Amino acid sequence: MSRHIPDTILGDRFTKIETILTKPGTLWLVVGPSGVGKDSLIDGARHKLGDDARFAFPRREITRPPDAGGEEHVAITEEEFRFRRLYGHYILSWEANGLCYGVPVLVKEDLAAGRIVVLNGSRRAVADARTKVLNLRVFEVTAPEHILRARLKARGRETEVEIERRLARASAIKTEGFDVVRFVNDGRLQESIDAFVAVLRGAQ
């Protein structure tokens, strides 16, 4: 079955693409540079859709302390990460900014059940995801550089040098493909969340 995301949802903030939806479920991989607002969009969507059995919001395993701020995650050591990756514990895994990220293979059960899985991902993981997930949509969140810089400074996790490095990486990594939806997150947070939720609800 072929469906289009309506123009009323896309507006001028999205790239219009054709979405192919078949069983099993669809994985929406939310990607974009640090500070662009991925955590906020996903948390907002989880709040609105968390009680709807059609949607799943899995937690990632990250080599980061549980109280480090940001998304709710499962904290693991680097040794645990490498062991779990070696023995097939993850459907997707990657390393970025000095941290290791793993997505438990149990996500396959949600996809097999036909659910829409919303995952905080990485542009580094897109190519791998395309080889492992039948129905993949890449939701790439972007924002102007001055907004990214302000958000990175506000969260207080990085030094000025680290922030500039993140901004350089943000412009260097490009995500292309028919499965990519680009969203410019430069407005009010609640409006952005509502737009994101509208896209997810339309993916039926």
# chains A, B, ... in the order shown; residues from 1 in each chain; ligands from 1

call {"tool": "residues_around", "arguments": {"residues": "segment 30-36 of chain A", "least_positions_apart": "5", "cutoff": "8 Å", "atoms": "only C-alpha atoms", "output": "PDB file with all heavy atoms, in the first residue's frame"}}
result
ATOM      1  N   VAL A 118       9.671   4.405  17.407  1.00  0.00           N
ATOM      2  CA  VAL A 118      10.314   5.717  17.328  1.00  0.00           C
ATOM      3  C   VAL A 118      11.610   5.642  18.123  1.00  0.00           C
ATOM      4  O   VAL A 118      11.598   5.369  19.328  1.00  0.00           O
ATOM      5  CB  VAL A 118       9.406   6.826  17.896  1.00  0.00           C
ATOM      6  CG1 VAL A 118      10.067   8.195  17.730  1.00  0.00           C
ATOM      7  CG2 VAL A 118       8.045   6.797  17.200  1.00  0.00           C
ATOM      8  N   LEU A 119      12.719   5.895  17.436  1.00  0.00           N
ATOM      9  CA  LEU A 119      14.021   5.676  18.058  1.00  0.00           C
ATOM     10  C   LEU A 119      14.939   6.869  17.857  1.00  0.00           C
ATOM     11  O   LEU A 119      15.068   7.391  16.755  1.00  0.00           O
ATOM     12  CB  LEU A 119      14.673   4.431  17.442  1.00  0.00           C
ATOM     13  CG  LEU A 119      16.065   4.075  17.932  1.00  0.00           C
ATOM     14  CD1 LEU A 119      16.023   3.637  19.389  1.00  0.00           C
ATOM     15  CD2 LEU A 119      16.654   2.956  17.072  1.00  0.00           C
ATOM     16  N   ASN A 120      15.581   7.276  18.935  1.00  0.00           N
ATOM     17  CA  ASN A 120      16.612   8.299  18.870  1.00  0.00           C
ATOM     18  C   ASN A 120      17.851   7.653  18.258  1.00  0.00           C
ATOM     19  O   ASN A 120      18.481   6.790  18.861  1.00  0.00           O
ATOM     20  CB  ASN A 120      16.918   8.828  20.275  1.00  0.00           C
ATOM     21  CG  ASN A 120      17.800  10.052  20.258  1.00  0.00           C
ATOM     22  OD1 ASN A 120      18.520  10.304  19.291  1.00  0.00           O
ATOM     23  ND2 ASN A 120      17.756  10.818  21.339  1.00  0.00           N
ATOM     24  N   GLY A 121      18.202   8.050  17.042  1.00  0.00           N
ATOM     25  CA  GLY A 121      19.276   7.384  16.328  1.00  0.00           C
ATOM     26  C   GLY A 121      20.459   8.285  16.031  1.00  0.00           C
ATOM     27  O   GLY A 121      20.698   9.283  16.708  1.00  0.00           O
ATOM     28  N   SER A 122      21.194   7.922  15.007  1.00  0.00           N
ATOM     29  CA  SER A 122      22.382   8.653  14.606  1.00  0.00           C
ATOM     30  C   SER A 122      22.506   8.590  13.098  1.00  0.00           C
ATOM     31  O   SER A 122      22.169   7.571  12.476  1.00  0.00           O
ATOM     32  CB  SER A 122      23.626   8.034  15.250  1.00  0.00           C
ATOM     33  OG  SER A 122      24.815   8.540  14.664  1.00  0.00           O
ATOM     34  N   ARG A 123      23.003   9.661  12.518  1.00  0.00           N
ATOM     35  CA  ARG A 123      23.238   9.648  11.078  1.00  0.00           C
ATOM     36  C   ARG A 123      24.268   8.602  10.711  1.00  0.00           C
ATOM     37  O   ARG A 123      24.252   8.068   9.603  1.00  0.00           O
ATOM     38  CB  ARG A 123      23.670  11.040  10.615  1.00  0.00           C
ATOM     39  CG  ARG A 123      22.551  12.084  10.684  1.00  0.00           C
ATOM     40  CD  ARG A 123      23.062  13.495  10.491  1.00  0.00           C
ATOM     41  NE  ARG A 123      23.914  13.915  11.604  1.00  0.00           N
ATOM     42  CZ  ARG A 123      24.538  15.081  11.648  1.00  0.00           C
ATOM     43  NH1 ARG A 123      24.417  15.937  10.647  1.00  0.00           N
ATOM     44  NH2 ARG A 123      25.283  15.399  12.687  1.00  0.00           N
ATOM     45  N   VAL A 138      13.681   7.858   8.000  1.00  0.00           N
ATOM     46  CA  VAL A 138      14.695   8.640   8.682  1.00  0.00           C
ATOM     47  C   VAL A 138      14.155  10.053   8.870  1.00  0.00           C
ATOM     48  O   VAL A 138      13.925  10.770   7.891  1.00  0.00           O
ATOM     49  CB  VAL A 138      16.011   8.674   7.877  1.00  0.00           C
ATOM     50  CG1 VAL A 138      17.059   9.496   8.623  1.00  0.00           C
ATOM     51  CG2 VAL A 138      16.510   7.252   7.614  1.00  0.00           C
ATOM     52  N   PHE A 139      13.911  10.426  10.111  1.00  0.00           N
ATOM     53  CA  PHE A 139      13.381  11.751  10.432  1.00  0.00           C
ATOM     54  C   PHE A 139      14.570  12.610  10.835  1.00  0.00           C
ATOM     55  O   PHE A 139      15.033  12.562  11.978  1.00  0.00           O
ATOM     56  CB  PHE A 139      12.353  11.655  11.559  1.00  0.00           C
ATOM     57  CG  PHE A 139      11.544  12.905  11.768  1.00  0.00           C
ATOM     58  CD1 PHE A 139      10.392  13.136  11.032  1.00  0.00           C
ATOM     59  CD2 PHE A 139      11.928  13.851  12.708  1.00  0.00           C
ATOM     60  CE1 PHE A 139       9.639  14.285  11.230  1.00  0.00           C
ATOM     61  CE2 PHE A 139      11.185  15.001  12.916  1.00  0.00           C
ATOM     62  CZ  PHE A 139      10.039  15.212  12.172  1.00  0.00           C
ATOM     63  N   GLU A 140      15.089  13.391   9.890  1.00  0.00           N
ATOM     64  CA  GLU A 140      16.282  14.189  10.146  1.00  0.00           C
ATOM     65  C   GLU A 140      15.884  15.579  10.649  1.00  0.00           C
ATOM     66  O   GLU A 140      15.251  16.354   9.940  1.00  0.00           O
ATOM     67  CB  GLU A 140      17.138  14.326   8.887  1.00  0.00           C
ATOM     68  CG  GLU A 140      18.441  15.067   9.160  1.00  0.00           C
ATOM     69  CD  GLU A 140      19.336  15.167   7.947  1.00  0.00           C
ATOM     70  OE1 GLU A 140      18.800  15.324   6.823  1.00  0.00           O
ATOM     71  OE2 GLU A 140      20.560  15.089   8.114  1.00  0.00           O
ATOM     72  N   VAL A 141      16.293  15.877  11.867  1.00  0.00           N
ATOM     73  CA  VAL A 141      15.984  17.162  12.496  1.00  0.00           C
ATOM     74  C   VAL A 141      17.163  18.103  12.278  1.00  0.00           C
ATOM     75  O   VAL A 141      18.313  17.741  12.525  1.00  0.00           O
ATOM     76  CB  VAL A 141      15.718  16.995  14.003  1.00  0.00           C
ATOM     77  CG1 VAL A 141      15.243  18.305  14.607  1.00  0.00           C
ATOM     78  CG2 VAL A 141      14.699  15.888  14.248  1.00  0.00           C
ATOM     79  N   THR A 142      16.873  19.304  11.808  1.00  0.00           N
ATOM     80  CA  THR A 142      17.917  20.295  11.578  1.00  0.00           C
ATOM     81  C   THR A 142      17.537  21.613  12.255  1.00  0.00           C
ATOM     82  O   THR A 142      16.391  21.807  12.680  1.00  0.00           O
ATOM     83  CB  THR A 142      18.133  20.544  10.072  1.00  0.00           C
ATOM     84  OG1 THR A 142      16.964  21.178   9.524  1.00  0.00           O
ATOM     85  CG2 THR A 142      18.390  19.249   9.326  1.00  0.00           C
ATOM     86  N   ALA A 143      18.507  22.504  12.331  1.00  0.00           N
ATOM     87  CA  ALA A 143      18.276  23.847  12.864  1.00  0.00           C
ATOM     88  C   ALA A 143      19.441  24.723  12.417  1.00  0.00           C
ATOM     89  O   ALA A 143      20.548  24.220  12.191  1.00  0.00           O
ATOM     90  CB  ALA A 143      18.175  23.834  14.390  1.00  0.00           C
ATOM     91  N   LEU A 148      21.689  26.016  17.098  1.00  0.00           N
ATOM     92  CA  LEU A 148      22.407  24.863  17.642  1.00  0.00           C
ATOM     93  C   LEU A 148      23.431  25.309  18.685  1.00  0.00           C
ATOM     94  O   LEU A 148      23.541  24.714  19.762  1.00  0.00           O
ATOM     95  CB  LEU A 148      23.112  24.104  16.521  1.00  0.00           C
ATOM     96  CG  LEU A 148      22.260  23.259  15.586  1.00  0.00           C
ATOM     97  CD1 LEU A 148      23.139  22.595  14.536  1.00  0.00           C
ATOM     98  CD2 LEU A 148      21.481  22.211  16.368  1.00  0.00           C
ATOM     99  N   ARG A 149      24.188  26.340  18.372  1.00  0.00           N
ATOM    100  CA  ARG A 149      25.221  26.813  19.290  1.00  0.00           C
ATOM    101  C   ARG A 149      24.587  27.259  20.620  1.00  0.00           C
ATOM    102  O   ARG A 149      25.093  26.929  21.703  1.00  0.00           O
ATOM    103  CB  ARG A 149      26.002  27.967  18.663  1.00  0.00           C
ATOM    104  CG  ARG A 149      27.110  28.499  19.573  1.00  0.00           C
ATOM    105  CD  ARG A 149      27.934  29.602  18.927  1.00  0.00           C
ATOM    106  NE  ARG A 149      28.846  29.074  17.911  1.00  0.00           N
ATOM    107  CZ  ARG A 149      28.655  29.174  16.596  1.00  0.00           C
ATOM    108  NH1 ARG A 149      27.561  29.802  16.124  1.00  0.00           N
ATOM    109  NH2 ARG A 149      29.534  28.679  15.752  1.00  0.00           N
ATOM    110  N   ARG A 151      21.735  26.296  21.943  1.00  0.00           N
ATOM    111  CA  ARG A 151      21.190  25.154  22.681  1.00  0.00           C
ATOM    112  C   ARG A 151      22.300  24.349  23.334  1.00  0.00           C
ATOM    113  O   ARG A 151      22.152  23.877  24.478  1.00  0.00           O
ATOM    114  CB  ARG A 151      20.378  24.269  21.736  1.00  0.00           C
ATOM    115  CG  ARG A 151      19.059  24.895  21.297  1.00  0.00           C
ATOM    116  CD  ARG A 151      18.369  24.040  20.257  1.00  0.00           C
ATOM    117  NE  ARG A 151      17.103  24.633  19.839  1.00  0.00           N
ATOM    118  CZ  ARG A 151      16.375  24.191  18.805  1.00  0.00           C
ATOM    119  NH1 ARG A 151      16.806  23.154  18.088  1.00  0.00           N
ATOM    120  NH2 ARG A 151      15.247  24.769  18.491  1.00  0.00           N
ATOM    121  N   LEU A 152      23.415  24.167  22.637  1.00  0.00           N
ATOM    122  CA  LEU A 152      24.538  23.430  23.205  1.00  0.00           C
ATOM    123  C   LEU A 152      25.113  24.157  24.418  1.00  0.00           C
ATOM    124  O   LEU A 152      25.453  23.538  25.431  1.00  0.00           O
ATOM    125  CB  LEU A 152      25.622  23.225  22.145  1.00  0.00           C
ATOM    126  CG  LEU A 152      25.280  22.230  21.025  1.00  0.00           C
ATOM    127  CD1 LEU A 152      26.327  22.279  19.926  1.00  0.00           C
ATOM    128  CD2 LEU A 152      25.159  20.814  21.580  1.00  0.00           C
ATOM    129  N   ARG A 166      31.387  19.949  17.536  1.00  0.00           N
ATOM    130  CA  ARG A 166      30.076  19.376  17.238  1.00  0.00           C
ATOM    131  C   ARG A 166      29.414  20.111  16.070  1.00  0.00           C
ATOM    132  O   ARG A 166      28.799  19.497  15.204  1.00  0.00           O
ATOM    133  CB  ARG A 166      29.179  19.432  18.480  1.00  0.00           C
ATOM    134  CG  ARG A 166      29.525  18.399  19.541  1.00  0.00           C
ATOM    135  CD  ARG A 166      28.536  18.466  20.696  1.00  0.00           C
ATOM    136  NE  ARG A 166      28.817  17.492  21.730  1.00  0.00           N
ATOM    137  CZ  ARG A 166      28.382  16.246  21.756  1.00  0.00           C
ATOM    138  NH1 ARG A 166      27.625  15.807  20.758  1.00  0.00           N
ATOM    139  NH2 ARG A 166      28.661  15.431  22.741  1.00  0.00           N
ATOM    140  N   LEU A 167      29.541  21.417  16.044  1.00  0.00           N
ATOM    141  CA  LEU A 167      28.952  22.196  14.958  1.00  0.00           C
ATOM    142  C   LEU A 167      29.618  21.869  13.633  1.00  0.00           C
ATOM    143  O   LEU A 167      28.951  21.809  12.592  1.00  0.00           O
ATOM    144  CB  LEU A 167      29.070  23.685  15.265  1.00  0.00           C
ATOM    145  CG  LEU A 167      28.219  24.201  16.432  1.00  0.00           C
ATOM    146  CD1 LEU A 167      28.557  25.654  16.741  1.00  0.00           C
ATOM    147  CD2 LEU A 167      26.734  24.058  16.116  1.00  0.00           C
ATOM    148  N   ARG A 169      30.953  18.974  12.841  1.00  0.00           N
ATOM    149  CA  ARG A 169      30.450  17.654  12.439  1.00  0.00           C
ATOM    150  C   ARG A 169      29.024  17.751  11.911  1.00  0.00           C
ATOM    151  O   ARG A 169      28.631  17.030  10.999  1.00  0.00           O
ATOM    152  CB  ARG A 169      30.504  16.681  13.619  1.00  0.00           C
ATOM    153  CG  ARG A 169      31.898  16.165  13.938  1.00  0.00           C
ATOM    154  CD  ARG A 169      31.826  14.969  14.858  1.00  0.00           C
ATOM    155  NE  ARG A 169      31.314  15.318  16.171  1.00  0.00           N
ATOM    156  CZ  ARG A 169      32.067  15.686  17.201  1.00  0.00           C
ATOM    157  NH1 ARG A 169      33.378  15.765  17.053  1.00  0.00           N
ATOM    158  NH2 ARG A 169      31.536  15.977  18.366  1.00  0.00           N
ATOM    159  N   ALA A 170      28.244  18.662  12.503  1.00  0.00           N
ATOM    160  CA  ALA A 170      26.846  18.808  12.085  1.00  0.00           C
ATOM    161  C   ALA A 170      26.735  19.154  10.612  1.00  0.00           C
ATOM    162  O   ALA A 170      25.851  18.665   9.905  1.00  0.00           O
ATOM    163  CB  ALA A 170      26.159  19.874  12.939  1.00  0.00           C
ATOM    164  N   ASN A 185      13.739  22.387  13.052  1.00  0.00           N
ATOM    165  CA  ASN A 185      13.253  22.609  14.416  1.00  0.00           C
ATOM    166  C   ASN A 185      13.758  23.953  14.927  1.00  0.00           C
ATOM    167  O   ASN A 185      14.648  24.035  15.773  1.00  0.00           O
ATOM    168  CB  ASN A 185      13.727  21.469  15.323  1.00  0.00           C
ATOM    169  CG  ASN A 185      13.131  21.564  16.717  1.00  0.00           C
ATOM    170  OD1 ASN A 185      12.080  22.163  16.921  1.00  0.00           O
ATOM    171  ND2 ASN A 185      13.808  20.965  17.686  1.00  0.00           N
TER     172      ASN A 185
END

call {"tool": "residues_around", "arguments": {"residues": "Gly44 of chain A", "least_positions_apart": "6", "cutoff": "12 Å", "atoms": "only C-alpha atoms", "output": "list in words"}}
result
Gly37, Lys38, Gly50, Phe57, Glu71, Val118, Leu189, Gln190, Glu191, Ser192, Ile193, Asp194, Ala195, Phe196, Val197 and Ala198 of chain A

call {"tool": "select_by_dssp", "arguments": {"residues": "segment 10-180 of chain A", "states": "helix (DSSP H, G or I)", "output": "PyMOL selection string"}}
result
chain A and resi 10+38-49+78-86+107-112+123-132+145-155+160-172

call {"tool": "residues_around", "arguments": {"residues": "segment 84-91 of chain A", "least_positions_apart": "2", "cutoff": "8 Å", "atoms": "only C-alpha atoms", "output": "ChimeraX atom specification"}}
result
/A:80-82,93,102-108,132

call {"tool": "atom_distance", "arguments": {"atom1": "atom CA of Arg115 of chain A", "atom2": "atom CA of Leu27 of chain A"}}
result
8.4 Å
